[in-house]
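Novice: Provided herewith: input.cif, mmCIF, C-alpha atoms.
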data_protein
loop_
_atom_site.label_atom_id
_atom_site.label_comp_id
_atom_site.auth_asym_id
_atom_site.auth_seq_id
_atom_site.Cartn_x
_atom_site.Cartn_y
_atom_site.Cartn_z
CA ALA S 873 14.32 66.88 175.69
CA THR S 874 17.40 65.19 174.27
CA VAL S 875 19.87 67.68 175.73
CA ALA S 876 18.15 68.04 179.09
CA HIS S 877 17.91 64.29 179.72
CA SER S 878 21.50 63.78 178.58
CA LEU S 879 22.61 66.57 180.88
CA ALA S 880 20.76 65.14 183.87
CA PHE S 881 22.30 61.70 183.30
CA ALA S 882 25.80 63.10 182.77
CA ARG S 883 25.63 65.27 185.89
CA ALA S 884 24.36 62.31 187.94
CA VAL S 885 27.29 60.16 186.75
CA GLU S 886 29.70 63.00 187.49
CA ALA S 887 28.26 63.34 190.99
CA ALA S 888 28.66 59.61 191.56
CA LEU S 889 32.31 59.68 190.49
CA GLY S 890 33.30 63.13 191.73
CA VAL S 891 34.19 64.26 188.22
CA GLU S 892 34.93 67.92 187.55
CA VAL S 893 33.69 69.15 184.17
CA PRO S 894 35.80 71.63 182.14
CA ALA S 895 34.42 75.16 182.40
CA ARG S 896 33.91 75.56 178.66
CA ALA S 897 31.95 72.30 178.50
CA VAL S 898 29.64 73.52 181.29
CA TRP S 899 28.79 76.64 179.29
CA LEU S 900 28.40 74.75 176.02
CA ARG S 901 25.92 72.44 177.72
CA ALA S 902 23.83 75.45 178.74
CA LEU S 903 24.03 76.79 175.22
CA MET S 904 22.62 73.55 173.83
CA ALA S 905 19.93 73.45 176.51
CA GLU S 906 18.70 76.94 175.62
CA LEU S 907 18.65 76.15 171.90
CA GLU S 908 16.56 73.08 172.71
CA ARG S 909 14.21 75.16 174.89
CA ILE S 910 13.64 77.71 172.13
CA ALA S 911 13.04 75.08 169.45
CA ASN S 912 10.47 73.21 171.51
CA HIS S 913 8.63 76.28 172.74
CA LEU S 914 8.35 77.61 169.19
CA GLY S 915 6.91 74.30 168.05
CA ASP S 916 4.42 74.22 170.92
CA ILE S 917 3.19 77.78 170.42
CA GLY S 918 2.43 77.05 166.78
CA ALA S 919 0.83 73.68 167.53
CA ILE S 920 -1.49 75.17 170.17
CA CYS S 921 -2.68 77.77 167.68
CA ASN S 922 -3.11 75.09 165.04
CA ASP S 923 -5.44 73.17 167.36
CA ALA S 924 -7.59 76.30 167.40
CA ALA S 925 -7.67 76.15 163.56
CA PHE S 926 -5.12 78.97 163.20
CA ALA S 927 -2.68 77.13 160.94
CA PHE S 928 -0.84 80.30 159.95
CA MET S 929 0.91 80.45 163.32
CA LEU S 930 2.07 76.84 163.08
CA ALA S 931 3.53 77.49 159.62
CA GLN S 932 5.41 80.55 160.85
CA THR S 933 6.76 79.10 164.10
CA SER S 934 7.72 75.90 162.28
CA GLN S 935 9.94 77.99 160.02
CA LEU S 936 11.60 79.55 163.06
CA ARG S 937 11.98 76.18 164.76
CA GLU S 938 13.62 74.80 161.63
CA ARG S 939 16.01 77.74 161.70
CA VAL S 940 17.00 76.86 165.27
CA LEU S 941 17.50 73.18 164.43
CA ARG S 942 19.68 73.97 161.42
CA THR S 943 21.82 76.25 163.57
CA ALA S 944 22.15 73.48 166.16
CA ASP S 945 23.25 71.09 163.42
CA ALA S 946 25.82 73.57 162.10
CA CYS S 947 27.18 74.26 165.58
CA PHE S 948 27.04 70.82 167.19
CA GLY S 949 26.68 68.31 164.35
CA HIS S 950 23.12 67.17 165.12
CA ARG S 951 19.75 68.89 164.75
CA LEU S 952 18.54 67.66 168.14
CA MET S 953 22.06 67.71 169.61
CA MET S 954 21.77 64.03 170.43
CA ASP S 955 24.80 62.51 172.19
CA ARG S 956 26.49 65.91 172.37
CA VAL S 957 26.36 65.98 176.19
CA ILE S 958 28.37 63.11 177.69
CA PRO S 959 29.58 62.27 181.19
CA GLY S 960 32.63 64.41 181.86
CA GLY S 961 31.88 67.14 179.33
CA VAL S 962 30.66 67.45 175.76
CA ALA S 963 31.39 65.47 172.62
CA THR S 964 32.16 68.43 170.39
CA ASP S 965 33.15 72.07 170.53
CA LEU S 966 31.70 75.00 168.60
CA PRO S 967 33.18 75.40 165.12
CA GLU S 968 35.06 78.58 164.32
CA ARG S 969 31.96 80.20 162.85
CA GLY S 970 29.66 78.89 165.60
CA ALA S 971 29.47 82.06 167.68
CA GLY S 972 28.56 84.11 164.62
CA LEU S 973 25.86 81.65 163.58
CA LEU S 974 24.32 81.75 167.04
CA LEU S 975 24.25 85.53 167.18
CA GLU S 976 22.73 85.64 163.69
CA LEU S 977 20.02 83.26 164.88
CA VAL S 978 19.27 85.42 167.93
CA ALA S 979 19.04 88.53 165.77
CA GLU S 980 16.69 86.84 163.30
CA LEU S 981 14.38 85.49 166.00
CA ARG S 982 14.27 88.87 167.73
CA LYS S 983 13.11 90.35 164.44
CA ARG S 984 10.61 87.69 163.37
CA PHE S 985 9.16 86.41 166.65
CA PRO S 986 7.60 89.60 168.16
CA PRO S 987 5.28 90.21 165.16
CA LEU S 988 3.95 86.66 165.57
CA VAL S 989 3.36 87.29 169.27
CA ALA S 990 1.42 90.42 168.36
CA ILE S 991 -0.71 88.43 165.91
CA TYR S 992 -1.45 85.82 168.57
CA ASP S 993 -2.41 88.45 171.11
CA GLY S 994 -4.49 90.43 168.64
CA LYS S 995 -6.68 87.70 167.16
CA ALA S 996 -10.01 87.87 168.98
CA SER S 997 -11.14 84.51 167.58
CA LEU S 998 -7.95 82.87 168.82
CA GLN S 999 -8.09 84.51 172.24
CA ASP S 1000 -11.66 83.30 172.56
CA ARG S 1001 -10.35 79.74 172.36
CA THR S 1002 -7.36 80.05 174.73
CA VAL S 1003 -8.33 82.57 177.44
CA THR S 1004 -10.05 80.87 180.45
CA THR S 1005 -9.78 77.49 178.69
CA GLY S 1006 -8.10 74.58 180.48
CA PHE S 1007 -7.83 76.16 183.93
CA VAL S 1008 -5.57 74.53 186.53
CA SER S 1009 -5.51 75.98 190.04
CA ALA S 1010 -2.43 77.02 191.99
CA GLU S 1011 -3.45 74.56 194.71
CA LEU S 1012 -3.32 71.64 192.29
CA VAL S 1013 0.05 72.47 190.72
CA THR S 1014 1.50 72.87 194.22
CA ARG S 1015 0.00 69.58 195.45
CA PHE S 1016 1.33 67.69 192.42
CA GLY S 1017 4.66 69.53 192.31
CA ALA S 1018 4.14 70.43 188.64
CA GLY S 1019 6.94 72.46 187.13
CA GLY S 1020 7.70 74.02 183.77
CA HIS S 1021 5.05 75.99 181.90
CA VAL S 1022 2.26 74.02 183.58
CA GLY S 1023 3.33 75.04 187.08
CA ARG S 1024 4.50 78.56 186.26
CA ALA S 1025 1.29 79.43 184.40
CA SER S 1026 -0.58 78.69 187.64
CA GLY S 1027 1.71 80.65 189.95
CA ARG S 1028 4.27 78.01 191.01
CA ASP S 1029 7.56 79.91 190.91
CA GLN S 1030 10.07 77.10 190.46
CA ASP S 1031 12.94 76.67 188.01
CA ALA S 1032 15.79 74.22 188.66
CA ARG S 1033 18.26 76.54 186.91
CA ARG S 1034 17.67 79.03 189.73
CA SER S 1035 16.75 76.78 192.67
CA PRO S 1036 18.63 74.70 193.66
CA GLY S 1037 20.59 76.07 190.69
CA TYR S 1038 23.59 74.78 188.77
CA ALA S 1039 26.41 76.16 186.69
CA PRO S 1040 26.63 78.27 184.64
CA TYR S 1041 23.17 79.71 185.40
CA ASP S 1042 24.39 80.99 188.74
CA ALA S 1043 26.57 83.39 186.73
CA LEU S 1044 23.90 84.41 184.20
CA ASN S 1045 21.09 86.95 184.33
CA PHE S 1046 17.59 85.70 183.53
CA GLU S 1047 14.03 85.93 184.78
CA VAL S 1048 11.59 83.08 185.36
CA PRO S 1049 8.18 84.11 183.96
CA VAL S 1050 5.32 83.28 186.32
CA LEU S 1051 1.61 83.92 185.70
CA THR S 1052 -1.44 83.12 187.79
CA GLU S 1053 -4.29 82.72 185.29
CA GLY S 1054 -3.64 78.98 184.90
CA ASP S 1055 -5.28 78.66 181.48
CA VAL S 1056 -4.14 77.74 177.97
CA ASN S 1057 -3.33 81.37 177.23
CA ALA S 1058 -1.11 81.63 180.31
CA ARG S 1059 0.80 78.49 179.28
CA VAL S 1060 1.36 80.06 175.85
CA TRP S 1061 2.64 83.29 177.40
CA VAL S 1062 5.04 81.46 179.72
CA ARG S 1063 6.53 79.86 176.62
CA ILE S 1064 6.74 83.21 174.83
CA ARG S 1065 8.57 84.83 177.74
CA GLU S 1066 10.90 81.86 178.09
CA VAL S 1067 11.87 82.13 174.41
CA GLU S 1068 12.77 85.77 175.04
CA GLN S 1069 14.82 84.86 178.11
CA SER S 1070 16.62 82.04 176.28
CA LEU S 1071 17.65 84.41 173.49
CA SER S 1072 19.24 86.66 176.11
CA LEU S 1073 20.94 83.67 177.74
CA ILE S 1074 22.46 82.56 174.42
CA GLU S 1075 23.90 86.04 173.92
CA GLN S 1076 25.37 86.01 177.42
CA ILE S 1077 26.85 82.54 177.01
CA VAL S 1078 28.44 83.35 173.64
CA ALA S 1079 29.95 86.53 175.07
CA ARG S 1080 31.38 84.80 178.14
CA LEU S 1081 32.24 81.34 176.81
CA PRO S 1082 35.47 80.21 178.52
CA VAL S 1083 38.47 79.31 176.39
CA ILE S 1084 39.54 75.69 176.13
CA SER S 1085 41.74 74.93 179.12
CA ARG S 1086 41.93 71.14 179.07
CA GLY S 1087 40.46 68.05 177.38
CA LEU S 1088 37.13 69.34 176.17
CA ASP S 1089 36.15 67.13 173.24
CA HIS S 1090 36.57 63.74 174.89
CA PRO S 1091 37.17 64.20 178.60
CA SER S 1092 38.24 61.15 180.52
CA VAL S 1093 35.81 59.81 183.10
CA PRO S 1094 37.49 57.54 185.69
CA LEU S 1095 35.80 54.14 185.46
CA GLU S 1096 38.52 51.99 186.93
CA ALA S 1097 37.66 48.85 188.90
CA GLY S 1098 36.44 49.57 192.39
CA ARG S 1099 35.21 53.04 191.44
CA GLY S 1100 31.45 53.16 191.83
CA GLY S 1101 28.92 55.22 193.68
CA GLU S 1102 25.56 56.95 193.50
CA GLY S 1103 24.73 60.35 192.10
CA MET S 1104 21.70 62.51 191.39
CA ALA S 1105 21.05 65.62 189.31
CA LEU S 1106 18.18 68.04 188.74
CA VAL S 1107 17.99 69.80 185.35
CA GLU S 1108 15.44 72.24 183.93
CA SER S 1109 14.12 70.98 180.60
CA PHE S 1110 11.65 72.86 178.41
CA ARG S 1111 8.85 70.95 180.14
CA GLY S 1112 10.18 71.39 183.66
CA GLU S 1113 12.42 69.57 186.11
CA ILE S 1114 14.16 66.35 185.13
CA LEU S 1115 15.61 64.36 188.03
CA THR S 1116 18.01 61.52 187.30
CA TRP S 1117 19.51 59.16 189.87
CA VAL S 1118 22.19 56.63 188.95
CA ARG S 1119 24.14 53.91 190.75
CA LEU S 1120 27.43 52.71 189.28
CA ASP S 1121 28.87 49.34 190.24
CA GLY S 1122 32.52 48.63 191.06
CA GLU S 1123 33.33 48.16 187.37
CA GLY S 1124 32.00 51.55 186.41
CA ALA S 1125 28.89 50.14 184.73
CA VAL S 1126 25.38 51.45 185.35
CA ALA S 1127 23.74 49.17 187.92
CA ARG S 1128 20.56 51.23 188.38
CA CYS S 1129 19.23 54.40 186.79
CA HIS S 1130 16.00 56.32 187.37
CA PRO S 1131 15.26 59.23 184.99
CA ARG S 1132 12.15 61.09 186.14
CA ASP S 1133 10.55 63.24 183.47
CA PRO S 1134 8.49 66.33 184.46
CA SER S 1135 5.52 64.81 182.63
CA TRP S 1136 5.10 62.41 185.55
CA PHE S 1137 3.69 65.27 187.65
CA GLN S 1138 1.86 67.02 184.81
CA TRP S 1139 -0.21 64.31 183.15
CA PRO S 1140 -2.63 63.92 186.12
CA LEU S 1141 -3.40 67.66 185.99
CA LEU S 1142 -4.64 67.42 182.40
CA GLU S 1143 -7.75 65.72 183.76
CA ALA S 1144 -8.45 68.81 185.84
CA ALA S 1145 -7.73 71.12 182.88
CA ILE S 1146 -10.27 69.52 180.55
CA GLY S 1147 -13.12 69.58 183.06
CA GLY S 1148 -15.96 71.92 182.10
CA ASN S 1149 -14.63 72.56 178.59
CA ILE S 1150 -16.19 71.60 175.27
CA VAL S 1151 -14.87 68.53 173.47
CA ALA S 1152 -13.29 70.70 170.77
CA ASP S 1153 -11.08 72.31 173.40
CA PHE S 1154 -9.42 69.06 174.46
CA PRO S 1155 -6.65 69.36 171.81
CA LEU S 1156 -5.93 72.88 173.05
CA CYS S 1157 -5.68 71.76 176.67
CA ASN S 1158 -3.59 68.74 175.75
CA LYS S 1159 -1.15 70.65 173.55
CA SER S 1160 -0.82 73.46 176.07
CA PHE S 1161 0.57 70.81 178.43
CA ASN S 1162 2.44 68.83 175.75
CA CYS S 1163 3.44 66.12 178.19
CA SER S 1164 5.67 63.29 177.03
CA TYR S 1165 4.28 59.77 176.65
CA ALA S 1166 7.76 58.25 176.56
CA GLY S 1167 8.89 60.45 179.45
CA HIS S 1168 6.04 59.16 181.62
CA ASP S 1169 6.93 55.56 180.70
CA LEU S 1170 10.52 56.03 181.90
#
Could I get this file's structure written as C-alpha cells?
Specialist:
Amino acid sequence: ATVAHSLAFARAVEAALGVEVPARAVWLRALMAELERIANHLGDIGAICNDAAFAFMLAQTSQLRERVLRTADACFGHRLMMDRVIPGGVATDLPERGAGLLLELVAELRKRFPPLVAIYDGKASLQDRTVTTGFVSAELVTRFGAGGHVGRASGRDQDARRSPGYAPYDALNFEVPVLTEGDVNARVWVRIREVEQSLSLIEQIVARLPVISRGLDHPSVPLEAGRGGEGMALVESFRGEILTWVRLDGEGAVARCHPRDPSWFQWPLLEAAIGGNIVADFPLCNKSFNCSYAGHDL
C-alpha cells in the first residue's frame, strides 16, 4: 500500500500545517491509488486460486498485474509509485501520453478480466474450496472494526472514500461492493467488484483531470520555524482504512507519527476464519485476508 500510506501521511501533514493541495494533484493522487488497488486485487485473486492448486488463474492475473505496474511506471516513473505522493501535492505529473496509456490499460483489463472471472465462477472444484470456507460473522467484523474486503465480505458497509470521504471521491461516481456470506469466496468477489469500480474511477479521473493551475510538481510546504501542529487523515487502501496521525514540532520536523494499518483490525479475525476448516484450507483463509505483517508492526 505504498500510495495509500504515502497519501495518509501527506494528508496528515497538510492538516497539521493547513496546506491546500493543488486540484490536479488531488486527482492524480486518486489515480495512483486506484491503480494500486487494481494491481493488488489482481494479485490476490490469483494467489487465492493458486492456494487451491489452480495455478492457471495466478499466471493469468499476474500478467494483468504486470500490465498495471508497467503502466504505473510509464505514467509516474515507478512501478509501485513510491515517493510519488508527497506533502503538498505529488512529485510528478502525467506525461503527455499518460492519459492514453491509462485508457488503453482500462480497455485491455475490461477485455481480459471478465473471462477470468467466469472461469473462477465456473470451476466446481475451485468453488468447492472457497465457498463456505473461512467464515467470519458480521458480528465479529463489527466488533473489531474490520474494513476493506474482510469487513465488506461480511456485511460491514464502510469505505473511507465515501465516509467520512475525501476529495476527489466526493465528485466521483462509484459503488462499494458489500456481501454477507463472509467466506473466502465472498472476499474474492469483493475484490472482483472493486477492480471493476476502480476501472470506472480511472476513466472518470482521466476525463475530468484538472489542468495545471499552480506549482504541481514540487509544491512548497511551509516549514518555517514556529510552524508546527497536529494532523490526522483517513485513507482507503486496498486492504481497508489507513489512519495516520502526525505531530510536527516548531521546526517543521516530525516529532511523533502513528500510521495505523487496516491489518491491525483484521489479523485477529483470521483465527475465527480458520476454525472448523481442514488444515489444507489455512492458506486459502490466510490469503483471502492477505493482511500485512509489516503493517501490523507499524
Novice: Running the PyMOL selection byres ((chain S and resi 985) around 10) on this model by hand, what would come out? Give it as a list of chain:residue names.
Specialist: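 On this input, the PyMOL selection byres ((chain S and resi 985) around 10) captures S:Leu914, S:Gln932, S:Thr933, S:Leu936, S:Glu980, S:Leu981, S:Arg982, S:Lys983, S:Arg984, S:Pro986, S:Pro987, S:Leu988, S:Val989, S:Ala990, S:Ile1064, S:Val1067, S:Glu1068.
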Novice: Give as JSON, numbers by chain the set of residues within 7 Å of the point (-7.4, 75.1, 189.1), where distances use the file's coordinates and only C-alpha atoms.
Specialist: {"S": [1007, 1008, 1009, 1010, 1011, 1012, 1054]}
Novice: Any chance you could resolve the PyMOL selection byres ((chain S and resi 1158) around 10) against this file and give the residues as a list of chain:residue names?
Specialist: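 So the PyMOL selection byres ((chain S and resi 1158) around 10), applied here, picks out S:Ile920, S:Asp923, S:Gly1006, S:Val1056, S:Trp1139, S:Leu1142, S:Glu1143, S:Ala1145, S:Ile1146, S:Asp1153, S:Phe1154, S:Pro1155, S:Leu1156, S:Cys1157, S:Lys1159, S:Ser1160, S:Phe1161, S:Asn1162, S:Cys1163.
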Novice: For the structure shown, which residues end up in the PyMOL selection byres ((chain S and resi 1164) around 12)? Put them as a JSON list (two decimals) with C-alpha atoms, keeping the file's coordinate frame, please?
Specialist:
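Output (result_9.json):
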[["chain", "number", "residue", "atom", "x", "y", "z"],
["S", 873, "ALA", "CA", 14.32, 66.88, 175.69],
["S", 1109, "SER", "CA", 14.12, 70.98, 180.60],
["S", 1110, "PHE", "CA", 11.65, 72.86, 178.41],
["S", 1111, "ARG", "CA", 8.85, 70.95, 180.14],
["S", 1112, "GLY", "CA", 10.18, 71.39, 183.66],
["S", 1132, "ARG", "CA", 12.15, 61.09, 186.14],
["S", 1133, "ASP", "CA", 10.55, 63.24, 183.47],
["S", 1134, "PRO", "CA", 8.49, 66.33, 184.46],
["S", 1135, "SER", "CA", 5.52, 64.81, 182.63],
["S", 1136, "TRP", "CA", 5.10, 62.41, 185.55],
["S", 1137, "PHE", "CA", 3.69, 65.27, 187.65],
["S", 1138, "GLN", "CA", 1.86, 67.02, 184.81],
["S", 1139, "TRP", "CA", -0.21, 64.31, 183.15],
["S", 1158, "ASN", "CA", -3.59, 68.74, 175.75],
["S", 1159, "LYS", "CA", -1.15, 70.65, 173.55],
["S", 1161, "PHE", "CA", 0.57, 70.81, 178.43],
["S", 1162, "ASN", "CA", 2.44, 68.83, 175.75],
["S", 1163, "CYS", "CA", 3.44, 66.12, 178.19],
["S", 1165, "TYR", "CA", 4.28, 59.77, 176.65],
["S", 1166, "ALA", "CA", 7.76, 58.25, 176.56],
["S", 1167, "GLY", "CA", 8.89, 60.45, 179.45],
["S", 1168, "HIS", "CA", 6.04, 59.16, 181.62],
["S", 1169, "ASP", "CA", 6.93, 55.56, 180.70],
["S", 1170, "LEU", "CA", 10.52, 56.03, 181.90]]
Novice: Take CA of Glu906 (chain S) and CA of Met929 (chain S) and report the distance between them in Å, one decimal.
Specialist: 21.9 Å
Novice: Taking 2 positions as the minimum chain separation for residues in the same chain, which residues sit within 9 Å of Met953 (chain S) when counting all atoms listed in the file? Answer as JSON, numbers by chain.
Specialist: {"S": [874, 875, 904, 908, 941, 944, 945, 948, 949, 950, 951, 955, 956, 957]}
Novice: Between S:Gly961, S:Glu1108, S:Ile910, S:Leu1141, which residue has the minimum interatomic distance to Arg937 (chain S), considering all atoms listed in the file?
Specialist: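 Residue with the minimum atom-to-atom distance to Arg937 (chain S): S:Ile910.
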Novice: Give me, please, the distance in Å between CA of Ala1152 (chain S) and CA of Asn922 (chain S), quoted to one decimal.
Specialist: 12.5 Å
Novice: Give me the residues near Arg901 (chain S) as a PDB file with C-alpha atoms, keeping the file's coordinate frame, where near means some atom within 12 Å (using all atoms listed in the file) and where sequence neighbours in that chain fewer than 3 positions away do not count.
Specialist:
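Printed below is around_14.pdb as written:
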ATOM      1  CA  THR S 874      17.400  65.190 174.270  1.00  0.00           C
ATOM      2  CA  VAL S 875      19.870  67.680 175.730  1.00  0.00           C
ATOM      3  CA  ALA S 876      18.150  68.040 179.090  1.00  0.00           C
ATOM      4  CA  HIS S 877      17.910  64.290 179.720  1.00  0.00           C
ATOM      5  CA  SER S 878      21.500  63.780 178.580  1.00  0.00           C
ATOM      6  CA  LEU S 879      22.610  66.570 180.880  1.00  0.00           C
ATOM      7  CA  ALA S 880      20.760  65.140 183.870  1.00  0.00           C
ATOM      8  CA  ALA S 882      25.800  63.100 182.770  1.00  0.00           C
ATOM      9  CA  ARG S 883      25.630  65.270 185.890  1.00  0.00           C
ATOM     10  CA  VAL S 893      33.690  69.150 184.170  1.00  0.00           C
ATOM     11  CA  PRO S 894      35.800  71.630 182.140  1.00  0.00           C
ATOM     12  CA  ALA S 895      34.420  75.160 182.400  1.00  0.00           C
ATOM     13  CA  ARG S 896      33.910  75.560 178.660  1.00  0.00           C
ATOM     14  CA  ALA S 897      31.950  72.300 178.500  1.00  0.00           C
ATOM     15  CA  VAL S 898      29.640  73.520 181.290  1.00  0.00           C
ATOM     16  CA  MET S 904      22.620  73.550 173.830  1.00  0.00           C
ATOM     17  CA  ALA S 905      19.930  73.450 176.510  1.00  0.00           C
ATOM     18  CA  GLU S 906      18.700  76.940 175.620  1.00  0.00           C
ATOM     19  CA  LEU S 907      18.650  76.150 171.900  1.00  0.00           C
ATOM     20  CA  GLU S 908      16.560  73.080 172.710  1.00  0.00           C
ATOM     21  CA  PHE S 948      27.040  70.820 167.190  1.00  0.00           C
ATOM     22  CA  MET S 953      22.060  67.710 169.610  1.00  0.00           C
ATOM     23  CA  MET S 954      21.770  64.030 170.430  1.00  0.00           C
ATOM     24  CA  ASP S 955      24.800  62.510 172.190  1.00  0.00           C
ATOM     25  CA  ARG S 956      26.490  65.910 172.370  1.00  0.00           C
ATOM     26  CA  VAL S 957      26.360  65.980 176.190  1.00  0.00           C
ATOM     27  CA  ILE S 958      28.370  63.110 177.690  1.00  0.00           C
ATOM     28  CA  PRO S 959      29.580  62.270 181.190  1.00  0.00           C
ATOM     29  CA  GLY S 960      32.630  64.410 181.860  1.00  0.00           C
ATOM     30  CA  GLY S 961      31.880  67.140 179.330  1.00  0.00           C
ATOM     31  CA  VAL S 962      30.660  67.450 175.760  1.00  0.00           C
ATOM     32  CA  ALA S 963      31.390  65.470 172.620  1.00  0.00           C
ATOM     33  CA  THR S 964      32.160  68.430 170.390  1.00  0.00           C
ATOM     34  CA  ASP S 965      33.150  72.070 170.530  1.00  0.00           C
ATOM     35  CA  LEU S 966      31.700  75.000 168.600  1.00  0.00           C
ATOM     36  CA  TYR S1038      23.590  74.780 188.770  1.00  0.00           C
ATOM     37  CA  ALA S1039      26.410  76.160 186.690  1.00  0.00           C
ATOM     38  CA  PRO S1040      26.630  78.270 184.640  1.00  0.00           C
ATOM     39  CA  TYR S1041      23.170  79.710 185.400  1.00  0.00           C
ATOM     40  CA  ILE S1074      22.460  82.560 174.420  1.00  0.00           C
ATOM     41  CA  ILE S1077      26.850  82.540 177.010  1.00  0.00           C
ATOM     42  CA  VAL S1078      28.440  83.350 173.640  1.00  0.00           C
ATOM     43  CA  LEU S1081      32.240  81.340 176.810  1.00  0.00           C
ATOM     44  CA  LEU S1088      37.130  69.340 176.170  1.00  0.00           C
ATOM     45  CA  VAL S1107      17.990  69.800 185.350  1.00  0.00           C
TER      46      VAL S1107
END
Novice: How far is it from CA of Glu886 (chain S) to CA of Met1104 (chain S), in Å with one decimal?
Specialist: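 Computed distance, CA of Glu886 (chain S) to CA of Met1104 (chain S), equals 8.9 Å.
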Novice: Skip Asp1055 (chain S) itself and residues of its chain fewer than 3 positions away, then list as a list in words all residues within 8 Å of it, counting all atoms listed in the file.
Specialist: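 Near neighbours after the sequence-gap exclusion: Thr1002, Val1003, Thr1004, Thr1005, Gly1006, Phe1007, Val1008, Ala1025, Ser1026, Ala1058 and Arg1059 of chain S.
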Novice: (17.8, 86.8, 184.8) in this file's frame - what residues fall within 12 Å of it? Use all atoms listed in the file and give the answer as a list in words.
Specialist: Asp1031, Arg1033, Arg1034, Tyr1041, Asp1042, Ala1043, Leu1044, Asn1045, Phe1046, Glu1047, Val1048, Pro1049, Arg1065, Glu1066, Glu1068, Gln1069, Ser1070, Leu1071, Ser1072, Leu1073 and Gln1076 of chain S
Novice: Hey, what's within 9 Å of Cys921 (chain S) if we count only C-alpha atoms and toss same-chain stuff fewer than 4 positions away? As a list in words, please?
Specialist: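 Once the adjacent positions are removed, what remains is Asp916, Ile917, Ala925, Phe926, Ala927, Phe928, Met929, Leu930, Tyr992, Leu998, Thr1002 and Leu1156 of chain S.
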Novice: Complete the atoms of region 996-1008 of chain S to N, CA and C atoms and put them out as a short mmCIF file (atom, residue, chain, number, x, y, z; two decimals), in the frame of the given file.
Specialist:
data_model
loop_
_atom_site.label_atom_id
_atom_site.label_comp_id
_atom_site.auth_asym_id
_atom_site.auth_seq_id
_atom_site.Cartn_x
_atom_site.Cartn_y
_atom_site.Cartn_z
N ALA S 996 -8.90 88.07 168.04
CA ALA S 996 -10.01 87.87 168.98
C ALA S 996 -10.54 86.43 168.92
N SER S 997 -10.62 85.87 167.72
CA SER S 997 -11.14 84.51 167.58
C SER S 997 -10.22 83.49 168.23
N LEU S 998 -8.91 83.76 168.19
CA LEU S 998 -7.95 82.87 168.82
C LEU S 998 -7.97 83.03 170.34
N GLN S 999 -8.02 84.26 170.80
CA GLN S 999 -8.09 84.51 172.24
C GLN S 999 -9.35 83.89 172.85
N ASP S 1000 -10.41 83.88 172.08
CA ASP S 1000 -11.66 83.30 172.56
C ASP S 1000 -11.50 81.81 172.85
N ARG S 1001 -10.56 81.17 172.17
CA ARG S 1001 -10.35 79.74 172.36
C ARG S 1001 -9.35 79.43 173.48
N THR S 1002 -8.44 80.36 173.78
CA THR S 1002 -7.36 80.05 174.73
C THR S 1002 -7.56 80.69 176.11
N VAL S 1003 -8.15 81.87 176.16
CA VAL S 1003 -8.33 82.57 177.44
C VAL S 1003 -9.45 81.90 178.24
N THR S 1004 -9.17 81.55 179.49
CA THR S 1004 -10.05 80.87 180.45
C THR S 1004 -10.25 79.38 180.13
N THR S 1005 -9.66 78.90 179.06
CA THR S 1005 -9.78 77.49 178.69
C THR S 1005 -8.70 76.67 179.42
N GLY S 1006 -9.08 75.48 179.90
CA GLY S 1006 -8.10 74.58 180.48
C GLY S 1006 -7.50 75.08 181.78
N PHE S 1007 -8.32 75.58 182.67
CA PHE S 1007 -7.83 76.16 183.93
C PHE S 1007 -7.31 75.09 184.88
N VAL S 1008 -6.13 75.36 185.47
CA VAL S 1008 -5.57 74.53 186.53
C VAL S 1008 -5.22 75.45 187.70
#
